[in-house]
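The file run-v9.txt comes next; it holds compact mmCIF, C-alpha atoms.
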```
# COMPACT_ATOMS: atom_id res chain seq x y z
CA MET A 1 192.58 139.65 125.77
CA GLU A 2 193.12 139.92 129.52
CA THR A 3 190.51 141.44 131.77
CA ASN A 4 190.82 142.95 135.23
CA SER A 5 187.49 141.62 136.44
CA GLN A 6 187.63 139.56 139.59
CA SER A 7 185.13 137.17 141.09
CA PRO A 8 183.26 138.56 144.10
CA GLU A 9 184.72 137.55 147.45
CA VAL A 10 182.25 135.28 149.25
CA VAL A 11 182.30 136.21 152.92
CA LEU A 12 179.57 133.90 154.27
CA ASP A 13 178.33 130.66 152.72
CA VAL A 14 175.23 129.00 154.20
CA ASP A 15 174.50 125.49 152.92
CA ASN A 16 171.40 123.40 153.66
CA LEU A 17 170.80 125.04 157.04
CA THR A 18 168.04 123.29 159.01
CA THR A 19 166.69 124.39 162.39
CA GLU A 20 163.99 122.53 164.30
CA PHE A 21 161.88 123.22 167.38
CA GLN A 22 160.28 120.68 169.67
CA THR A 23 156.79 121.89 170.57
CA PRO A 24 153.87 120.34 172.47
CA GLU A 25 152.28 119.67 169.06
CA GLY A 26 155.39 117.92 167.73
CA LEU A 27 158.62 118.66 165.89
CA GLY A 28 158.56 121.63 163.51
CA ARG A 29 161.14 123.02 161.11
CA ALA A 30 161.57 126.78 161.29
CA VAL A 31 164.38 126.73 158.70
CA ASP A 32 164.24 123.95 156.12
CA GLY A 33 167.34 123.35 154.00
CA LEU A 34 168.19 127.01 153.38
CA SER A 35 171.25 127.82 151.26
CA PHE A 36 172.71 131.17 150.21
CA ASN A 37 175.93 133.18 150.21
CA ILE A 38 176.84 136.83 150.49
CA ASN A 39 179.78 138.72 149.03
CA LYS A 40 181.99 141.39 150.54
CA GLY A 41 180.29 144.80 150.44
CA GLU A 42 176.97 143.32 149.26
CA THR A 43 173.53 143.78 150.79
CA LEU A 44 171.33 140.67 150.69
CA GLY A 45 167.66 141.18 151.53
CA ILE A 46 165.64 138.36 153.14
CA VAL A 47 161.89 139.01 152.99
CA GLY A 48 158.68 137.24 153.94
CA GLU A 49 155.78 137.40 156.37
CA SER A 50 156.19 136.94 160.11
CA GLY A 51 156.71 133.25 160.84
CA CYS A 52 158.60 132.48 157.62
CA GLY A 53 161.90 131.79 159.40
CA LYS A 54 163.84 135.00 158.72
CA SER A 55 164.92 135.81 162.28
CA ILE A 56 165.54 132.15 163.15
CA THR A 57 167.90 132.01 160.16
CA ALA A 58 169.91 134.88 161.66
CA LEU A 59 169.95 133.31 165.12
CA SER A 60 171.00 129.99 163.61
CA ILE A 61 173.96 131.59 161.83
CA LEU A 62 175.14 132.98 165.18
CA ARG A 63 174.21 129.76 167.04
CA LEU A 64 171.88 131.68 169.34
CA VAL A 65 168.87 129.41 168.94
CA PRO A 66 167.69 128.49 172.45
CA SER A 67 168.19 124.78 173.13
CA PRO A 68 165.84 123.36 174.21
CA PRO A 69 163.42 123.70 172.49
CA GLY A 70 165.44 124.62 169.39
CA ASN A 71 168.10 122.60 167.60
CA ILE A 72 170.25 123.28 164.56
CA ALA A 73 169.69 119.90 162.92
CA GLY A 74 171.93 120.19 159.89
CA GLY A 75 173.85 122.26 157.38
CA SER A 76 176.98 124.37 157.41
CA VAL A 77 177.75 128.07 157.80
CA ARG A 78 181.19 128.86 156.43
CA LEU A 79 182.88 132.12 157.37
CA GLY A 80 186.03 132.08 155.31
CA ASN A 81 187.63 128.68 155.91
CA ARG A 82 185.73 127.89 159.13
CA ASP A 83 182.43 126.10 159.51
CA LEU A 84 180.71 127.88 162.38
CA MET A 85 178.59 124.81 163.06
CA GLN A 86 181.71 122.79 163.92
CA ILE A 87 183.72 125.14 166.14
CA SER A 88 183.52 125.22 169.95
CA GLU A 89 181.26 127.60 171.89
CA ARG A 90 184.34 129.47 173.10
CA GLU A 91 185.47 130.03 169.51
CA MET A 92 181.94 131.07 168.59
CA ARG A 93 181.97 133.77 171.27
CA ASP A 94 185.00 135.23 169.49
CA VAL A 95 183.00 135.33 166.25
CA ARG A 96 179.90 137.04 167.67
CA GLY A 97 180.24 140.80 167.73
CA ASN A 98 183.65 140.59 166.08
CA ASP A 99 183.39 138.82 162.70
CA ILE A 100 179.58 138.77 162.62
CA SER A 101 177.43 141.37 164.38
CA MET A 102 173.68 141.69 164.62
CA ILE A 103 171.27 144.58 165.01
CA PHE A 104 168.18 143.22 166.74
CA GLN A 105 164.59 144.26 166.09
CA GLU A 106 163.90 146.26 169.24
CA PRO A 107 166.84 148.18 170.74
CA MET A 108 165.06 148.87 174.04
CA THR A 109 164.93 145.14 174.78
CA SER A 110 168.39 144.44 173.31
CA LEU A 111 170.23 147.11 175.29
CA ASN A 112 170.72 146.52 179.01
CA PRO A 113 168.63 149.19 180.79
CA VAL A 114 170.89 149.38 183.87
CA LEU A 115 174.17 149.88 181.98
CA THR A 116 175.33 153.01 180.18
CA LEU A 117 175.79 153.04 176.42
CA GLY A 118 179.50 153.52 176.92
CA TYR A 119 179.80 150.44 179.11
CA GLN A 120 177.91 148.27 176.62
CA ILE A 121 180.00 149.40 173.64
CA THR A 122 183.34 149.25 175.48
CA GLU A 123 182.56 145.74 176.73
CA THR A 124 182.58 144.55 173.12
CA LEU A 125 185.80 146.42 172.32
CA ARG A 126 187.64 145.18 175.40
CA ARG A 127 186.44 141.60 174.84
CA HIS A 128 187.42 141.33 171.17
CA GLU A 129 190.20 143.87 170.66
CA GLY A 130 191.84 143.91 174.09
CA LEU A 131 191.67 147.68 174.47
CA ALA A 132 192.31 149.37 177.79
CA LYS A 133 189.35 151.10 179.44
CA HIS A 134 190.29 154.62 178.35
CA GLU A 135 191.06 153.46 174.81
CA ALA A 136 187.73 151.64 174.56
CA THR A 137 185.85 154.69 175.87
CA ALA A 138 187.51 156.94 173.28
CA ARG A 139 186.56 154.42 170.59
CA ALA A 140 182.98 154.27 171.85
CA ILE A 141 182.70 158.06 171.63
CA GLU A 142 184.13 157.88 168.11
CA MET A 143 181.56 155.25 167.10
CA LEU A 144 178.64 157.26 168.53
CA ALA A 145 179.86 160.26 166.54
CA LEU A 146 180.17 158.07 163.45
CA VAL A 147 176.48 157.11 163.68
CA GLN A 148 175.62 160.81 164.02
CA ILE A 149 174.54 160.86 167.65
CA PRO A 150 174.96 164.46 168.88
CA ALA A 151 177.14 165.20 171.91
CA PRO A 152 178.64 161.68 172.00
CA GLU A 153 180.87 162.57 175.01
CA ARG A 154 177.69 163.09 177.04
CA ARG A 155 175.60 160.31 175.51
CA VAL A 156 178.25 157.70 176.25
CA LYS A 157 177.46 158.19 179.94
CA GLU A 158 173.68 157.93 179.53
CA PHE A 159 171.32 154.98 179.86
CA PRO A 160 169.11 153.59 177.05
CA HIS A 161 165.89 155.07 178.48
CA GLN A 162 167.37 158.56 178.12
CA LEU A 163 167.53 158.24 174.32
CA SER A 164 164.81 158.34 171.69
CA GLY A 165 163.97 155.23 169.64
CA GLY A 166 166.00 156.45 166.68
CA MET A 167 169.03 157.23 168.83
CA ARG A 168 168.83 153.83 170.54
CA GLN A 169 168.84 152.19 167.12
CA ARG A 170 171.88 154.26 166.15
CA ALA A 171 173.58 153.17 169.36
CA MET A 172 172.88 149.53 168.45
CA ILE A 173 174.46 150.13 165.05
CA ALA A 174 177.49 151.73 166.72
CA MET A 175 177.86 148.70 168.99
CA ALA A 176 177.45 146.26 166.09
CA LEU A 177 180.06 148.02 163.95
CA SER A 178 182.55 148.83 166.70
CA CYS A 179 184.82 145.88 165.80
CA ASN A 180 184.50 146.32 162.02
CA PRO A 181 182.65 143.01 161.43
CA ARG A 182 182.87 141.19 158.12
CA VAL A 183 179.12 140.50 158.21
CA LEU A 184 176.35 142.64 159.69
CA ILE A 185 172.92 141.05 160.20
CA ALA A 186 170.23 143.73 160.45
CA ASP A 187 167.00 142.16 161.69
CA GLU A 188 164.17 144.64 161.02
CA PRO A 189 166.48 147.58 161.87
CA THR A 190 163.75 150.17 161.22
CA THR A 191 160.87 148.55 163.14
CA ALA A 192 158.79 151.06 165.14
CA LEU A 193 160.69 154.04 163.70
CA ASP A 194 158.94 156.84 161.84
CA VAL A 195 159.69 157.17 158.12
CA THR A 196 162.12 160.05 158.53
CA VAL A 197 164.25 158.24 161.11
CA GLN A 198 163.92 155.03 159.07
CA ALA A 199 165.45 156.73 156.04
CA GLN A 200 168.27 158.13 158.18
CA VAL A 201 169.07 154.72 159.68
CA LEU A 202 169.12 153.03 156.25
CA ASP A 203 171.33 155.77 154.81
CA LEU A 204 173.64 155.38 157.79
CA ILE A 205 173.99 151.61 157.33
CA LYS A 206 174.64 152.10 153.61
CA ASP A 207 177.26 154.79 154.24
CA LEU A 208 179.08 152.74 156.88
CA GLN A 209 178.96 149.68 154.63
CA GLU A 210 180.65 151.60 151.82
CA ARG A 211 183.35 152.81 154.20
CA LEU A 212 184.05 149.46 155.84
CA GLY A 213 183.21 146.98 153.03
CA THR A 214 180.87 145.08 155.36
CA ALA A 215 178.50 142.46 153.94
CA VAL A 216 174.95 143.17 155.15
CA ILE A 217 172.09 140.68 155.55
CA LEU A 218 168.95 142.79 155.75
CA ILE A 219 165.96 140.95 157.22
CA THR A 220 162.69 142.78 156.66
CA HIS A 221 159.06 142.56 155.57
CA ASP A 222 159.29 145.97 153.89
CA LEU A 223 159.83 145.53 150.16
CA GLY A 224 160.39 149.27 149.77
CA VAL A 225 163.43 149.04 152.03
CA VAL A 226 164.73 146.09 149.99
CA ALA A 227 164.29 147.95 146.70
CA GLU A 228 166.25 150.88 148.07
CA THR A 229 169.17 149.09 149.73
CA ALA A 230 169.70 145.49 148.53
CA GLN A 231 171.47 144.05 145.50
CA ARG A 232 169.98 140.55 145.84
CA VAL A 233 166.79 139.27 147.45
CA ILE A 234 165.72 135.97 148.98
CA VAL A 235 162.00 135.37 149.51
CA MET A 236 161.25 132.90 152.31
CA TYR A 237 158.04 131.04 153.04
CA ALA A 238 157.50 128.47 155.81
CA GLY A 239 161.24 128.14 156.40
CA ARG A 240 162.11 127.57 152.75
CA LYS A 241 163.57 129.72 150.01
CA VAL A 242 160.93 130.08 147.29
CA GLU A 243 162.63 132.71 145.13
CA GLU A 244 166.03 134.36 144.82
CA ALA A 245 167.02 137.07 142.35
CA PRO A 246 168.89 140.32 141.77
CA VAL A 247 166.67 143.07 143.15
CA GLU A 248 165.90 144.58 139.73
CA SER A 249 164.87 141.21 138.30
CA LEU A 250 162.66 140.36 141.27
CA PHE A 251 160.70 143.61 141.14
CA ALA A 252 160.45 143.67 137.34
CA ASN A 253 159.54 140.01 136.87
CA PRO A 254 158.50 138.17 140.06
CA GLN A 255 158.06 134.46 139.32
CA HIS A 256 156.59 132.91 142.46
CA PRO A 257 152.90 133.52 143.32
CA TYR A 258 153.91 134.38 146.89
CA THR A 259 156.36 137.05 145.70
CA ARG A 260 153.70 138.44 143.38
CA GLY A 261 151.28 138.57 146.27
CA LEU A 262 153.77 140.44 148.46
CA LEU A 263 154.43 142.99 145.74
CA ALA A 264 150.72 143.42 144.99
CA SER A 265 150.04 144.23 148.65
CA VAL A 266 152.37 147.25 148.61
CA PRO A 267 150.46 150.58 148.41
CA ARG A 268 151.11 152.59 145.25
CA LEU A 269 150.75 156.34 145.21
CA GLY A 270 148.01 157.48 142.85
CA ALA A 271 146.62 153.98 142.14
CA THR A 272 142.87 154.04 141.43
CA THR A 273 140.17 151.44 140.98
CA GLY A 274 138.94 152.26 137.50
CA ALA A 275 140.44 152.25 134.03
CA HIS A 276 138.96 155.69 133.30
CA SER A 277 140.39 158.91 134.65
CA SER A 278 136.94 159.86 135.99
CA ASP A 279 137.10 157.00 138.53
CA SER A 280 139.43 158.43 141.17
CA ARG A 281 138.61 156.13 144.06
CA PRO A 282 141.76 154.73 145.74
CA ALA A 283 142.56 151.19 144.63
CA ARG A 284 141.93 148.47 147.20
CA LEU A 285 145.09 146.70 148.28
CA ALA A 286 145.47 143.10 147.21
CA GLU A 287 145.79 140.52 149.96
CA ILE A 288 147.10 136.99 150.30
CA SER A 289 144.34 134.92 151.87
CA GLY A 290 145.17 132.73 154.86
CA ILE A 291 148.24 132.74 157.10
CA VAL A 292 151.66 131.10 157.26
CA PRO A 293 151.07 127.56 158.59
CA PRO A 294 152.38 126.56 162.04
CA LEU A 295 155.71 124.75 162.06
CA THR A 296 154.08 121.43 162.85
CA GLU A 297 151.46 121.76 160.11
CA ILE A 298 153.58 122.49 157.03
CA PRO A 299 151.78 120.74 154.15
CA SER A 300 153.55 118.28 151.89
CA GLY A 301 154.41 119.52 148.44
CA CYS A 302 154.53 123.29 148.03
CA ALA A 303 153.93 124.91 151.43
CA PHE A 304 152.22 127.88 149.77
CA ALA A 305 149.73 125.73 147.85
CA PRO A 306 146.79 126.13 150.33
CA ARG A 307 146.93 129.92 149.82
CA CYS A 308 147.75 129.93 146.10
CA LYS A 309 145.11 130.62 143.43
CA GLN A 310 147.22 128.79 140.84
CA ALA A 311 147.72 125.57 142.84
CA THR A 312 147.02 122.21 141.21
CA GLU A 313 147.21 118.60 142.40
CA LYS A 314 150.88 118.56 141.40
CA CYS A 315 151.56 121.39 143.86
CA THR A 316 150.17 119.44 146.80
CA ALA A 317 151.83 116.17 145.76
CA ALA A 318 155.48 117.23 145.48
CA GLN A 319 157.72 120.04 146.61
CA PRO A 320 158.99 122.01 143.59
CA PRO A 321 162.76 122.28 143.19
CA LEU A 322 164.51 125.66 143.16
CA GLU A 323 165.43 126.14 139.51
CA GLU A 324 166.99 128.97 137.53
CA THR A 325 164.73 130.90 135.17
CA GLU A 326 165.68 132.43 131.83
CA HIS A 327 167.05 135.41 133.76
CA PRO A 328 170.60 134.83 135.11
CA GLY A 329 170.72 134.53 138.88
CA HIS A 330 166.91 134.37 139.17
CA ARG A 331 165.74 131.09 140.71
CA VAL A 332 162.27 130.04 141.79
CA ALA A 333 160.59 127.01 143.40
CA CYS A 334 157.24 126.73 141.62
CA TRP A 335 155.65 124.20 139.26
CA HIS A 336 153.71 126.87 137.35
CA THR A 337 155.96 129.85 136.67
CA ASP A 338 154.46 130.01 133.17
CA LYS A 339 151.06 131.00 134.59
CA VAL A 340 150.10 134.62 135.01
CA ALA A 341 148.93 135.58 138.50
CA VAL A 342 145.26 136.35 138.75
```
Written as structure tokens, that's how I'd like the structure from this file.
Amino acid sequence: METNSQSPEVVLDVDNLTTEFQTPEGLGRAVDGLSFNINKGETLGIVGESGCGKSITALSILRLVPSPPGNIAGGSVRLGNRDLMQISEREMRDVRGNDISMIFQEPMTSLNPVLTLGYQITETLRRHEGLAKHEATARAIEMLALVQIPAPERRVKEFPHQLSGGMRQRAMIAMALSCNPRVLIADEPTTALDVTVQAQVLDLIKDLQERLGTAVILITHDLGVVAETAQRVIVMYAGRKVEEAPVESLFANPQHPYTRGLLASVPRLGATTGAHSSDSRPARLAEISGIVPPLTEIPSGCAFAPRCKQATEKCTAAQPPLEETEHPGHRVACWHTDKVAV
């Protein structure tokens, strides 16, 4: 019997990506052999603490790692039939903002303060699509309206400091989507925004994604945002992928101690300390002791072992491979997935 099901279209395929930095303390790997892919119209969440390599992964994909001190030491990033690590810088400039766009963490430092919004958006359109000035301006106004900025004909003539934080973030989204990119990298797109504006920005990205079929890589430390928007999740620690799963599987059955720790640290409405209803004191949040190690001090074996309550000598002796669990598509790098987190 014939079926009409089709395999998902892989838009971006990252294989064994490795990025290093030369520091006064020595050579450190910010991204260590990372592999993943993303399909058309899919949202892939990448989560982890600060210093785990999330943003450097994004910059590596776009070849924006400052050199020196940084260096993309190995791996491939395939966009369709092209390996972005092998093409010239001139060809790469055609990719940035056109095939792959990025929303940076802080729009006030990403937007040029002495140029109007209209100029900054039209520059992208004229560079990649060859539009005349009046055509690009009309398109910029259209994009600002699309991201629900009021009075776009007026705002297109204004400077970044004349907009609120939420409107600046919307302007960044308008700029990133102006050329209908195949991949959108959103690096902490809701940082420093209040919860109401955060929800509006996430809804906007989701709505535009559905309209344009864009693949979205969502980099965040907010697991609530991931649960709401992503279909798959990658958990990074010390530059490595320690767990990958469909979002439902990750939240229902986290396998890595680090993932469990991240989920346990999320506040839960109504959680109390006691087993009896009479004890109504708010429950104390769980915490992961210690910090992410510096790049030059990544321990051998499992990098999370010094902070893990389940660690054994085996954990410190050898790095665990990333292996699939009994749940399809759910893979984890841990020697002791059979243990229950304390």
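Non-sequential neighbours of Thr122 (chain A) (distance at most 7 Å, separation of 6 or more positions within a chain, only C-alpha atoms) are Ala136, Thr137 and Ala140 of chain A.
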- Suppose you want the space between CA of Arg260 (chain A) and CA of Thr196 (chain A); what is it in Å?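 So the answer is 27.7 Å.
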- Task: Name the residues in contact with Met102 (chain A) at a cut-off of 12 Å, using only C-alpha atoms, excluding same-chain residues fewer than 5 positions from it; report them as a ChimeraX atom specification.
- Result: /A:55,58-59,61-62,64,95-97,107,110,169,172-179,181-189,215-219
- Message: Calculated over all atoms listed in the file, which of the candidates A:Pro306, A:Pro113, A:Gly48, A:Pro150 has the smallest distance to Gln162 (chain A)?
- Response: A:Pro113
- Note on the structure: For Asn71 (chain A), the closest of A:Ser88, A:Gln105, A:Thr19, A:Gln200 counting all atoms listed in the file is A:Thr19
- For Glu326 (chain A), please output as a PyMOL selection string all residues within 12 Å (counting only C-alpha atoms; exclusion window: fewer than 3 positions along the same chain). chain A and resi 245+249+253+255+323+329-332+337-338
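Residues lying within 7 Å of Val147 (chain A), counting all atoms listed in the file and ignoring same-chain neighbours fewer than 4 positions away, are Met143, Arg170, Ala174 and Leu204 of chain A.
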- Item | Counting all atoms listed in the file, the residue of A:Glu89, A:Glu49, A:Asp203, A:Glu42 that sits nearest Arg63 (chain A) |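 So, comparing all the options, the nearest one is A:Glu89.
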- Note on the structure: With distances taken over all atoms listed in the file, the candidate from A:Leu17, A:Ala199, A:Ala317, A:Ala171 nearest Ile72 (chain A) is A:Leu17
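Here CA of Ile298 (chain A) is placed at a distance of 8.2 Å from CA of Gly28 (chain A).
Across the model, the gap from CA of Val14 (chain A) to CA of Val31 (chain A) is 12.0 Å.
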- Between A:Val242, A:Thr43, A:Cys334, A:Glu106, which one has atoms that come closest to Leu202 (chain A), using all atoms listed in the file? A:Thr43
- Which of these, A:Lys40, A:Arg78, A:Lys206, A:His134, has the shortest distance to Ala230 (chain A) once you count all atoms listed in the file?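 Under the stated criterion, the closest residue is A:Lys206.
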- Task: For Leu223 (chain A), work out the shell of residues within 12 Å, counting only C-alpha atoms and skipping chain neighbours fewer than 2 positions away, then give it as an MDAnalysis selection string.
- Result: chainID A and resid 45:49 188 218:221 225:230 233:235 247 250:251 259:267
